[in-house]
There are 2 protein chains.
Amino acid sequence: MGDDKAKIDSCEINIIHEDIVKRISENMPDENLLYDMADLFRVFGDSTRVKILHALFESEMCVCDIAALLNMNQSAISHQLRVLKGSRLVKNRRDGKVVYYSLDDEHVKHIFDQAMAHLKHK
Amino acid sequence: MGDDKAKIDSCEINIIHEDIVKRISENMPDENLLYDMADLFRVFGDSTRVKILHALFESEMCVCDIAALLNMNQSAISHQLRVLKGSRLVKNRRDGKVVYYSLDDEHVKHIFDQAMAHLKHK
DNA sequence: TGAACATATGAACAACTATTCATATGTTCA
DNA sequence: TGAACATATGAATAGTTGTTCATATGTTCA
């Protein structure tokens, strides 16, 4: 008898609309895919990286030009470019001492456009 | 004479392609807009919020059903819903004791679709 | 070869954030 | 009214992350 109460207490989860929760639970994308999405968005969630990507919409650029453009030091830019490359958002090519970075994805611009649309909508 | 060197040392910024930097600098969107974009993406950059938004694609839901769906406690969900509401991504309505949350933006789904496309592309 | 330069990287620190716990608010209904 | 319930909120904490500093790597060219 005390058992039932103990069970309820230990769970602490209440469902009001069991049918809805069940249906949505079955339709949710794979957990790992959702994690990957959040990871991707986290990459976009920093203004330095957003600026870099915006700059690269226009043209490929070398590291120190990006640093000059954003008025930040070279190391910070280099670190962020590594993050962007890790997410396959930019690629690079070396020409002598200089390394040029450019976009490596056709979806970024669409994503940014939609984000702009959301922001301007309000 | 020492002045020039001092100036260069103090600046520490090197530009290799001045023309490109200047052109891109003029075409960059307003600084505040870029910050707002990063802020918006940061909201998407958490798997709990991504999951909540995905759930709301299907149907409006109350707080405790979302908590049950994601197997998290009610407080955590409530905090995250507040973040989502602050970015105008969800809205809510109260029906008695129960508060129902739903999507408040038609762009989120497009943004998520593009993100999926990027992820599946690699 | 070695000086000069462009970029990359590791460590450290400060700032931020998601979750939990405890509790407050607001609503229903007996 | 007050007990029960759904949700909201403030404080605290643990984990994460962006930048800086110092230095390493890799390339050119005299």
# chains A, B, ... in the order shown; residues from 1 in each chain; ligands from 1
$ interface_residues --of "chain B" --to "chain D" --cutoff "8 Å" --atoms "only C-alpha atoms (C1' of nucleotides)" --output "number ranges by chain"
B: 63-64, 78, 97-99
$ calpha_fit_and_write --fixed "chain A" --moving "chain B" --output "short mmCIF file (atom, residue, chain, number, x, y, z; two decimals) with N, CA and C atoms, in the first residue's frame"
data_model
loop_
_atom_site.label_atom_id
_atom_site.label_comp_id
_atom_site.auth_asym_id
_atom_site.auth_seq_id
_atom_site.Cartn_x
_atom_site.Cartn_y
_atom_site.Cartn_z
N MET B 1 0.40 -1.41 -1.10
CA MET B 1 -0.42 -0.22 -0.91
C MET B 1 0.49 1.00 -0.76
N GLY B 2 1.42 0.98 0.20
CA GLY B 2 2.40 2.04 0.26
C GLY B 2 3.24 2.03 -1.02
N ASP B 3 3.30 0.89 -1.67
CA ASP B 3 4.13 0.74 -2.87
C ASP B 3 3.75 1.72 -3.97
N ASP B 4 2.44 1.80 -4.23
CA ASP B 4 2.01 2.68 -5.31
C ASP B 4 2.44 4.12 -5.06
N LYS B 5 2.21 4.57 -3.84
CA LYS B 5 2.56 5.95 -3.52
C LYS B 5 4.07 6.17 -3.68
N ALA B 6 4.83 5.19 -3.19
CA ALA B 6 6.27 5.30 -3.31
C ALA B 6 6.68 5.44 -4.77
N LYS B 7 6.06 4.63 -5.60
CA LYS B 7 6.38 4.67 -7.03
C LYS B 7 6.09 6.07 -7.61
N ILE B 8 4.92 6.59 -7.28
CA ILE B 8 4.55 7.91 -7.80
C ILE B 8 5.51 8.98 -7.30
N ASP B 9 5.84 8.92 -6.02
CA ASP B 9 6.75 9.91 -5.46
C ASP B 9 8.11 9.86 -6.14
N SER B 10 8.56 8.65 -6.37
CA SER B 10 9.91 8.52 -6.91
C SER B 10 9.98 9.01 -8.36
N CYS B 11 8.85 8.95 -9.03
CA CYS B 11 8.87 9.31 -10.45
C CYS B 11 8.76 10.82 -10.63
N GLU B 12 7.81 11.41 -9.98
CA GLU B 12 7.66 12.86 -9.99
C GLU B 12 7.21 13.44 -11.33
N ILE B 13 6.93 12.56 -12.27
CA ILE B 13 6.49 13.05 -13.57
C ILE B 13 5.00 12.85 -13.75
N ASN B 14 4.32 13.94 -14.07
CA ASN B 14 2.88 13.90 -14.32
C ASN B 14 2.60 14.09 -15.79
N ILE B 15 1.75 13.27 -16.32
CA ILE B 15 1.33 13.48 -17.69
C ILE B 15 -0.15 13.84 -17.68
N ILE B 16 -0.48 14.90 -18.36
CA ILE B 16 -1.88 15.29 -18.41
C ILE B 16 -2.57 14.68 -19.62
N HIS B 17 -1.92 14.79 -20.78
CA HIS B 17 -2.53 14.25 -22.01
C HIS B 17 -1.65 13.12 -22.53
N GLU B 18 -1.92 11.93 -22.04
CA GLU B 18 -1.05 10.80 -22.34
C GLU B 18 -1.00 10.48 -23.83
N ASP B 19 -2.15 10.62 -24.50
CA ASP B 19 -2.22 10.31 -25.93
C ASP B 19 -1.31 11.22 -26.75
N ILE B 20 -1.36 12.52 -26.43
CA ILE B 20 -0.52 13.47 -27.18
C ILE B 20 0.95 13.20 -26.94
N VAL B 21 1.31 13.00 -25.68
CA VAL B 21 2.72 12.75 -25.37
C VAL B 21 3.21 11.51 -26.11
N LYS B 22 2.37 10.48 -26.13
CA LYS B 22 2.78 9.24 -26.78
C LYS B 22 2.97 9.44 -28.29
N ARG B 23 2.01 10.11 -28.89
CA ARG B 23 2.09 10.33 -30.35
C ARG B 23 3.32 11.16 -30.71
N ILE B 24 3.53 12.25 -29.98
CA ILE B 24 4.67 13.11 -30.29
C ILE B 24 5.98 12.39 -30.02
N SER B 25 5.98 11.61 -28.96
CA SER B 25 7.19 10.86 -28.63
C SER B 25 7.60 9.95 -29.77
N GLU B 26 6.59 9.34 -30.42
CA GLU B 26 6.90 8.43 -31.53
C GLU B 26 7.36 9.17 -32.77
N ASN B 27 6.95 10.41 -32.91
CA ASN B 27 7.31 11.17 -34.10
C ASN B 27 8.59 12.00 -33.95
N MET B 28 9.16 12.00 -32.75
CA MET B 28 10.36 12.82 -32.55
C MET B 28 11.53 12.24 -33.35
N PRO B 29 12.31 13.13 -33.97
CA PRO B 29 13.50 12.65 -34.68
C PRO B 29 14.46 11.98 -33.71
N ASP B 30 15.39 11.27 -34.28
CA ASP B 30 16.38 10.57 -33.47
C ASP B 30 17.10 11.55 -32.53
N GLU B 31 17.29 11.10 -31.31
CA GLU B 31 17.94 11.93 -30.29
C GLU B 31 19.27 12.51 -30.76
N ASN B 32 20.07 11.70 -31.41
CA ASN B 32 21.39 12.17 -31.84
C ASN B 32 21.29 13.27 -32.90
N LEU B 33 20.31 13.15 -33.75
CA LEU B 33 20.10 14.17 -34.76
C LEU B 33 19.76 15.50 -34.11
N LEU B 34 18.95 15.43 -33.06
CA LEU B 34 18.57 16.66 -32.36
C LEU B 34 19.78 17.28 -31.66
N TYR B 35 20.63 16.44 -31.12
CA TYR B 35 21.86 16.96 -30.52
C TYR B 35 22.73 17.62 -31.59
N ASP B 36 22.84 16.97 -32.73
CA ASP B 36 23.66 17.54 -33.80
C ASP B 36 23.11 18.88 -34.28
N MET B 37 21.79 18.98 -34.33
CA MET B 37 21.18 20.25 -34.71
C MET B 37 21.55 21.34 -33.72
N ALA B 38 21.41 21.03 -32.45
CA ALA B 38 21.74 22.02 -31.42
C ALA B 38 23.22 22.41 -31.53
N ASP B 39 24.06 21.43 -31.77
CA ASP B 39 25.49 21.72 -31.93
C ASP B 39 25.74 22.68 -33.09
N LEU B 40 25.06 22.41 -34.18
CA LEU B 40 25.23 23.28 -35.35
C LEU B 40 24.78 24.71 -35.03
N PHE B 41 23.62 24.83 -34.40
CA PHE B 41 23.13 26.17 -34.08
C PHE B 41 24.02 26.86 -33.08
N ARG B 42 24.63 26.10 -32.19
CA ARG B 42 25.52 26.72 -31.22
C ARG B 42 26.70 27.37 -31.95
N VAL B 43 27.11 26.77 -33.05
CA VAL B 43 28.18 27.37 -33.85
C VAL B 43 27.74 28.72 -34.42
N PHE B 44 26.49 28.79 -34.81
CA PHE B 44 25.96 30.07 -35.32
C PHE B 44 25.69 31.06 -34.19
N GLY B 45 25.73 30.60 -32.97
CA GLY B 45 25.30 31.41 -31.85
C GLY B 45 26.38 32.28 -31.25
N ASP B 46 27.26 32.76 -32.07
CA ASP B 46 28.32 33.65 -31.59
C ASP B 46 28.53 34.73 -32.64
N SER B 47 28.56 35.98 -32.22
CA SER B 47 28.54 37.06 -33.20
C SER B 47 29.83 37.10 -34.02
N THR B 48 30.93 36.69 -33.42
CA THR B 48 32.16 36.67 -34.22
C THR B 48 32.04 35.70 -35.39
N ARG B 49 31.49 34.51 -35.10
CA ARG B 49 31.34 33.53 -36.18
C ARG B 49 30.29 33.96 -37.20
N VAL B 50 29.23 34.59 -36.72
CA VAL B 50 28.22 35.11 -37.65
C VAL B 50 28.86 36.14 -38.58
N LYS B 51 29.68 36.99 -38.02
CA LYS B 51 30.34 38.01 -38.84
C LYS B 51 31.28 37.38 -39.86
N ILE B 52 32.03 36.39 -39.42
CA ILE B 52 32.95 35.73 -40.35
C ILE B 52 32.18 35.12 -41.51
N LEU B 53 31.11 34.41 -41.19
CA LEU B 53 30.33 33.76 -42.24
C LEU B 53 29.73 34.79 -43.20
N HIS B 54 29.24 35.88 -42.63
CA HIS B 54 28.70 36.94 -43.48
C HIS B 54 29.76 37.48 -44.42
N ALA B 55 30.94 37.68 -43.90
CA ALA B 55 32.02 38.18 -44.74
C ALA B 55 32.31 37.20 -45.87
N LEU B 56 32.29 35.92 -45.54
CA LEU B 56 32.63 34.91 -46.55
C LEU B 56 31.52 34.73 -47.58
N PHE B 57 30.32 35.23 -47.27
CA PHE B 57 29.28 35.23 -48.31
C PHE B 57 29.76 36.02 -49.53
N GLU B 58 30.56 37.06 -49.27
CA GLU B 58 30.97 37.96 -50.33
C GLU B 58 32.19 37.45 -51.10
N SER B 59 33.12 36.88 -50.37
CA SER B 59 34.37 36.49 -51.01
C SER B 59 35.23 35.68 -50.05
N GLU B 60 36.10 34.86 -50.60
CA GLU B 60 37.06 34.18 -49.73
C GLU B 60 37.97 35.22 -49.10
N MET B 61 38.49 34.91 -47.93
CA MET B 61 39.35 35.87 -47.24
C MET B 61 40.46 35.15 -46.49
N CYS B 62 41.57 35.84 -46.30
CA CYS B 62 42.63 35.26 -45.49
C CYS B 62 42.43 35.66 -44.03
N VAL B 63 43.12 34.96 -43.15
CA VAL B 63 42.91 35.12 -41.72
C VAL B 63 43.14 36.54 -41.25
N CYS B 64 44.23 37.14 -41.70
CA CYS B 64 44.54 38.46 -41.13
C CYS B 64 43.62 39.53 -41.69
N ASP B 65 43.10 39.32 -42.90
CA ASP B 65 42.11 40.27 -43.41
C ASP B 65 40.81 40.18 -42.60
N ILE B 66 40.42 38.98 -42.25
CA ILE B 66 39.22 38.83 -41.41
C ILE B 66 39.44 39.51 -40.06
N ALA B 67 40.64 39.30 -39.51
CA ALA B 67 40.96 39.92 -38.22
C ALA B 67 40.88 41.44 -38.33
N ALA B 68 41.40 41.97 -39.42
CA ALA B 68 41.35 43.42 -39.62
C ALA B 68 39.90 43.89 -39.78
N LEU B 69 39.15 43.16 -40.58
CA LEU B 69 37.75 43.52 -40.81
C LEU B 69 36.97 43.60 -39.51
N LEU B 70 37.18 42.62 -38.64
CA LEU B 70 36.41 42.56 -37.40
C LEU B 70 37.10 43.26 -36.24
N ASN B 71 38.28 43.80 -36.52
CA ASN B 71 39.04 44.49 -35.49
C ASN B 71 39.30 43.60 -34.28
N MET B 72 39.74 42.39 -34.59
CA MET B 72 40.07 41.43 -33.52
C MET B 72 41.45 40.87 -33.80
N ASN B 73 42.04 40.23 -32.81
CA ASN B 73 43.37 39.73 -33.08
C ASN B 73 43.36 38.40 -33.82
N GLN B 74 44.46 38.12 -34.43
CA GLN B 74 44.57 36.99 -35.36
C GLN B 74 44.27 35.67 -34.67
N SER B 75 44.69 35.54 -33.44
CA SER B 75 44.50 34.27 -32.74
C SER B 75 43.02 33.96 -32.53
N ALA B 76 42.29 34.95 -32.12
CA ALA B 76 40.85 34.75 -31.90
C ALA B 76 40.17 34.28 -33.18
N ILE B 77 40.52 34.92 -34.29
CA ILE B 77 39.92 34.55 -35.57
C ILE B 77 40.31 33.13 -35.95
N SER B 78 41.55 32.81 -35.75
CA SER B 78 42.02 31.48 -36.10
C SER B 78 41.29 30.40 -35.30
N HIS B 79 41.11 30.66 -34.02
CA HIS B 79 40.36 29.70 -33.19
C HIS B 79 38.94 29.54 -33.73
N GLN B 80 38.31 30.63 -34.08
CA GLN B 80 36.92 30.54 -34.54
C GLN B 80 36.82 29.86 -35.90
N LEU B 81 37.81 30.11 -36.74
CA LEU B 81 37.79 29.45 -38.05
C LEU B 81 37.91 27.94 -37.88
N ARG B 82 38.64 27.54 -36.86
CA ARG B 82 38.76 26.11 -36.60
C ARG B 82 37.41 25.50 -36.21
N VAL B 83 36.66 26.25 -35.40
CA VAL B 83 35.32 25.79 -35.03
C VAL B 83 34.44 25.67 -36.28
N LEU B 84 34.49 26.69 -37.11
CA LEU B 84 33.66 26.68 -38.32
C LEU B 84 34.06 25.54 -39.25
N LYS B 85 35.35 25.28 -39.30
CA LYS B 85 35.80 24.20 -40.18
C LYS B 85 35.38 22.85 -39.60
N GLY B 86 35.41 22.75 -38.27
CA GLY B 86 34.99 21.52 -37.62
C GLY B 86 33.54 21.16 -37.91
N SER B 87 32.73 22.18 -38.16
CA SER B 87 31.33 21.94 -38.52
C SER B 87 31.14 21.94 -40.03
N ARG B 88 32.21 21.89 -40.75
CA ARG B 88 32.15 21.84 -42.22
C ARG B 88 31.42 23.02 -42.81
N LEU B 89 31.56 24.16 -42.18
CA LEU B 89 30.90 25.35 -42.69
C LEU B 89 31.84 26.16 -43.56
N VAL B 90 33.13 26.03 -43.32
CA VAL B 90 34.12 26.69 -44.17
C VAL B 90 35.20 25.69 -44.56
N LYS B 91 35.87 26.01 -45.65
CA LYS B 91 37.03 25.24 -46.06
C LYS B 91 38.17 26.22 -46.30
N ASN B 92 39.37 25.70 -46.46
CA ASN B 92 40.49 26.62 -46.68
C ASN B 92 41.47 26.08 -47.73
N ARG B 93 42.24 27.01 -48.25
CA ARG B 93 43.30 26.64 -49.19
C ARG B 93 44.51 27.49 -48.84
N ARG B 94 45.66 26.92 -49.02
CA ARG B 94 46.87 27.67 -48.69
C ARG B 94 47.53 28.16 -49.97
N ASP B 95 47.96 29.41 -49.94
CA ASP B 95 48.71 29.96 -51.07
C ASP B 95 49.95 30.63 -50.50
N GLY B 96 51.02 29.87 -50.46
CA GLY B 96 52.24 30.38 -49.83
C GLY B 96 52.03 30.49 -48.33
N LYS B 97 52.32 31.66 -47.80
CA LYS B 97 52.15 31.84 -46.36
C LYS B 97 50.69 32.07 -45.97
N VAL B 98 49.91 32.45 -46.97
CA VAL B 98 48.55 32.92 -46.69
C VAL B 98 47.54 31.78 -46.82
N VAL B 99 46.62 31.70 -45.86
CA VAL B 99 45.55 30.71 -45.92
C VAL B 99 44.22 31.42 -46.18
N TYR B 100 43.55 30.98 -47.22
CA TYR B 100 42.26 31.60 -47.57
C TYR B 100 41.12 30.71 -47.13
N TYR B 101 40.14 31.31 -46.50
CA TYR B 101 38.94 30.58 -46.07
C TYR B 101 37.76 30.97 -46.94
N SER B 102 36.90 29.98 -47.19
CA SER B 102 35.68 30.25 -47.95
C SER B 102 34.56 29.35 -47.45
N LEU B 103 33.35 29.65 -47.87
CA LEU B 103 32.19 28.87 -47.45
C LEU B 103 32.28 27.45 -48.00
N ASP B 104 31.80 26.51 -47.20
CA ASP B 104 31.79 25.12 -47.65
C ASP B 104 30.37 24.55 -47.54
N ASP B 105 29.38 25.41 -47.67
CA ASP B 105 28.03 24.92 -47.48
C ASP B 105 27.02 25.86 -48.11
N GLU B 106 26.11 25.29 -48.85
CA GLU B 106 25.15 26.13 -49.58
C GLU B 106 23.92 26.45 -48.73
N HIS B 107 23.83 25.83 -47.53
CA HIS B 107 22.62 26.02 -46.72
C HIS B 107 22.71 27.22 -45.77
N VAL B 108 23.95 27.60 -45.46
CA VAL B 108 24.12 28.65 -44.46
C VAL B 108 23.39 29.93 -44.83
N LYS B 109 23.50 30.30 -46.09
CA LYS B 109 22.86 31.54 -46.51
C LYS B 109 21.34 31.47 -46.33
N HIS B 110 20.77 30.31 -46.67
CA HIS B 110 19.32 30.14 -46.48
C HIS B 110 18.96 30.26 -45.01
N ILE B 111 19.75 29.59 -44.19
CA ILE B 111 19.48 29.64 -42.75
C ILE B 111 19.53 31.08 -42.24
N PHE B 112 20.56 31.80 -42.68
CA PHE B 112 20.69 33.19 -42.24
C PHE B 112 19.53 34.04 -42.76
N ASP B 113 19.12 33.79 -43.99
CA ASP B 113 18.00 34.56 -44.54
C ASP B 113 16.73 34.34 -43.72
N GLN B 114 16.48 33.10 -43.36
CA GLN B 114 15.29 32.80 -42.56
C GLN B 114 15.39 33.46 -41.19
N ALA B 115 16.58 33.44 -40.62
CA ALA B 115 16.77 34.08 -39.32
C ALA B 115 16.51 35.58 -39.41
N MET B 116 17.01 36.18 -40.49
CA MET B 116 16.75 37.60 -40.73
C MET B 116 15.25 37.85 -40.82
N ALA B 117 14.58 36.98 -41.55
CA ALA B 117 13.14 37.13 -41.73
C ALA B 117 12.44 37.08 -40.38
N HIS B 118 12.86 36.16 -39.54
CA HIS B 118 12.26 36.10 -38.20
C HIS B 118 12.49 37.40 -37.45
N LEU B 119 13.72 37.90 -37.50
CA LEU B 119 14.06 39.10 -36.73
C LEU B 119 13.29 40.32 -37.23
N LYS B 120 13.17 40.43 -38.54
CA LYS B 120 12.52 41.63 -39.09
C LYS B 120 11.01 41.55 -38.96
N HIS B 121 10.52 40.37 -38.77
CA HIS B 121 9.07 40.16 -38.68
C HIS B 121 8.48 40.78 -37.43
N LYS B 122 9.31 40.97 -36.42
CA LYS B 122 8.80 41.50 -35.15
C LYS B 122 9.20 42.97 -35.00
#
$ interface_residues --of "chain C" --to "chain B" --cutoff "9 Å" --atoms "only C-alpha atoms (C1' of nucleotides)" --output "list of chain:residue names"
C:DA18, C:DT19, C:DT20, C:DG26, C:DT27, C:DT28
$ write_last_selection --atoms "C-alpha atoms (C1' of nucleotides)" --output "compact mmCIF listing (two decimals), in the first residue's frame"
# COMPACT_ATOMS: atom_id res chain seq x y z
C1' DA C 18 21.34 24.80 -18.20
C1' DT C 19 19.66 22.37 -14.57
C1' DT C 20 18.16 21.58 -9.85
C1' DG C 26 -2.45 31.31 -9.82
C1' DT C 27 -6.42 28.24 -10.70
C1' DT C 28 -10.04 24.71 -9.62
$ select_by_dssp --residues "chain B" --states "alpha helix (DSSP H)" --output "ChimeraX atom specification"
/B:2-11,18-27,31-44,47-58,63-70,74-86,108-121
$ select_by_dssp --residues "stretch 4-122 of chain A" --states "strand (DSSP E)" --output "MDAnalysis selection string"
chainID A and resid 61:62 90:95 98:103
